[in-house]
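First up is the structure itself, then whatever we jot down about it.
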Amino acid sequence: MFPTRALLGRSVWKGPNIVPIPLPRTLPPPPNTPPIRTQKRSATILPNFVGIRFAVHNGKTYQEVYITEEMVGRKLGEYVATRKRFTYKQSKNK
Amino acid sequence: MASPWCWSCLSPLRTPRAILPSSTTTTRITTAGFHSTAVQYAMPAKKNKNSITQLKYRQGQTLRRKKKKATENRARPPAIGERKAMRKRIVLSNPNALEVEGMQELSPETMIDNRLRGSVLGLPVTMLDQLRAVQAFKPRQGWNIFRRPGTVLRRDALELGQLFEKISGDDPAEKGKVVRKIITGPKGSGKTVHLLQAAAMGFLKNWVVITVPDAYELVSGTTSYSPIEGSNPPQYVQPNATSALLKRTVEANSKVLESLKVSQKHAGLENLKPTMTLKDLAQLGLGDAALSWPVFQALWAELTATSPAPGMENGFQSRPPTLVTVDGLSHWMTKTAYRAEDYSFVHPHDLVFVQHFLSLLKSDKPTLKNGGMLLYATSTSNNPSSYSLEVGLDQMIARQDGVSPTSPDYPAPEAYSNADPRVLELFKPTAASGKEGVLELQTLGGLTREETRGYLEYFAQSGLLRENINEKWVSERWSLSGGGIIGELEKLGRHVSAPAKLAQPTPDVE
Amino acid sequence: MVFILGVNFPERNLLKKSLQSFFGIGNDTSSRLLARFNIHPTCRVGELANKQVLDLTAVLSEMKIENDLRREVLNDIKRLKETGTYRGRRHALGLPVRGQRTRTQIKTPVKLNRMERRL
């Protein structure tokens, strides 16, 4: 029995997906520190990430994410959408 | 040039529409010969723009009808329990059936009379209420097609009668014996009616008859259950089922129980007086379901008592033998629908009611001290499969055939079959001690041809059959019924068919 | 009529079904509750003893059911929305949340997933 299928993403024995990320020396980082550019969307947000700004790749550009306490345990990619909302554009040249 | 006539049916062929001048000038040809195609194509119906059949863009072309409004049923639904009562009602008499002349009744004399073998004996009318009380009749046993209920005195019934005669007879070697039997047999072979005959004989001999008419009711989770405090593993009483058992027993055996006085001391029953009869004792458990199990235990202790407790001697009468019947045994060999507190299924042998009746099957210690009979029948109409029971019954057959339990031919449960050890334990051989007979297996089969003839003659005498009953016809029915299976014979017998010679002769055409 | 956790149930109703009328109690939970108090599965509400009613009410009042459960679920969804996760966004847009296809058949999320979700 599974409490919910949503928890079946990853085996518990593997632990969180810890990815080496160049964290700033001092935590919390001083203001005006540039955000950490990364493409590792599947990296689990660890408690020591709180207060850091990341620039996460969305497939095209890097978008900034400010990590708060509530985001711990989730993935970086969850906060950066990879798809654009579809909007109909009027094309002039038929 | 093509001929204007069709050469196969000699009708004038229609000229194609394209050649015709215009539709307004030509008259429509209404005679349809063998060819109708041209007529249909000649004048295609004009589309009426105002009609609702006009199809819109991408509209489905299926036929759309208005849905019929469901007629509201304003009649009141039948009251609670009414439909079940209709389903379970038992009709024992059919005034349209003929009275069978010279039909004998079941009595202490006729039930052991070998000369009557194969004839149908009527159940005494005065006993019907008792038999109804112990729920010995079941619906769909065909009681409602005859003038009065009766049963065939077949070989097994005669043997049963002789056992009753012996146990309540005067022979000191046989008196007070305990006979234990498990009754099996194919569908329709008369297992339940065998129990009914036993109950009837028990009433005739003034025994105490205790029945469990449907073992399923105790394990299906339809009556309340509660654990006995302090029991480990937990045991459960079923107060309402026990109360119903007491009610059956009191109603059916009131005459016997009234004549017996309380002779033992029972802890836990405060308002019990030594002057009470056993009927009064049993009725204590009817009103208060919580008391029913202690009352049943007390009643059982009284029925199996051989001598009074000190200080309660006045008016002690020796107890009569007891008949215990259970129908649908295999339900007690699988799991129940009850759940324990940890949500596991309760094993049927943890229900004290069931355990009490199953423990009687063991012959190593005295159970029915005043003698009696235990008849536990399996059922084939509502029959859960229990592998362990099958193995147990196979083992009993092997023992009766003389196979030693240590020999390799002795049936054993297959490896990895998960046979229930508690069920297998029940069928382990136990030595007979004193007058306690060992557990036997009795397999009911079909009637013999002579018995079949007697049975079918009863149908004929009741006006259900019009055939000439002769040797050939009986043996044909006997074969058709799978070798005299009585349930099948009943189906054949009640199927009224007029023979050909009785059919209306057709009047001659002049 | 029998009061269980402040709700009035007719006596002829099945107890198991009556318990399932609470938000947060389904087939499994209700049959486990029955097993815990040794009540047979086909018990009617009227057959309950007074003590059993009190026991059931006591257990039910400690369970997270009805409004407490509703509030918890709504809060969880709200948190997802506020932190800006993908799942929260899907909830707000009225689209399926757990990776189902959206080409056809998304009636249920369209109906349920709203900005102001109700249960």
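Identifiers for the structure tokens are assigned positionally: chains receive A, B, ... in sequence, residues are indexed from 1 per chain, and ligands are indexed from 1 in the order shown.
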
### Task
Output as a PyMOL selection string the set of chain B residues within 12 Å of chain C, with distances taken over only C-alpha atoms.
chain B and resi 80-81+218-228+234-238+240+290+336-346

### Query
Excluding same-chain residues fewer than 2 positions from stretch 32-39 of chain A, what lies within 7 Å of it counting only C-alpha atoms, as a PyMOL selection string?
chain A and resi 29-30+41+53-57

I need the chosen residues saved as a PDB file, in the first residue's frame, with C-alpha atoms.
ATOM      1  CA  PRO A  29      25.714  35.735   1.271  1.00  0.00           C
ATOM      2  CA  PRO A  30      26.361  39.462   1.442  1.00  0.00           C
ATOM      3  CA  ARG A  41      17.150  21.615 -12.032  1.00  0.00           C
ATOM      4  CA  ARG A  53      19.569  33.370  -4.894  1.00  0.00           C
ATOM      5  CA  PHE A  54      19.879  30.908  -7.746  1.00  0.00           C
ATOM      6  CA  ALA A  55      19.640  31.498 -11.435  1.00  0.00           C
ATOM      7  CA  VAL A  56      18.117  28.287 -12.717  1.00  0.00           C
ATOM      8  CA  HIS A  57      18.139  27.364 -16.379  1.00  0.00           C
TER       9      HIS A  57
END

### Message
I'd like the interatomic distance between atom CA of B:Leu374 and atom CA of B:Leu131, to a tenth of an Å.
### Response
17.3 Å

### Task
From a DSSP calculation on the backbone, collect every residue of chain C in strand (DSSP E) and output the set as a PyMOL selection string.
chain C and resi 2-4+7-9

### Task
Name the residues in contact with A:Pro20 at a cut-off of 12 Å, using only C-alpha atoms, excluding same-chain residues fewer than 2 positions from it; report them as a ChimeraX atom specification.
/A:17-18,22-23,38-40,42-46

### Task
Using DSSP on the backbone, list every residue of chain A that comes out as helix (DSSP H, G or I), and give them as a PyMOL selection string.
chain A and resi 5-9+12-14+47-49+69-71+76-79
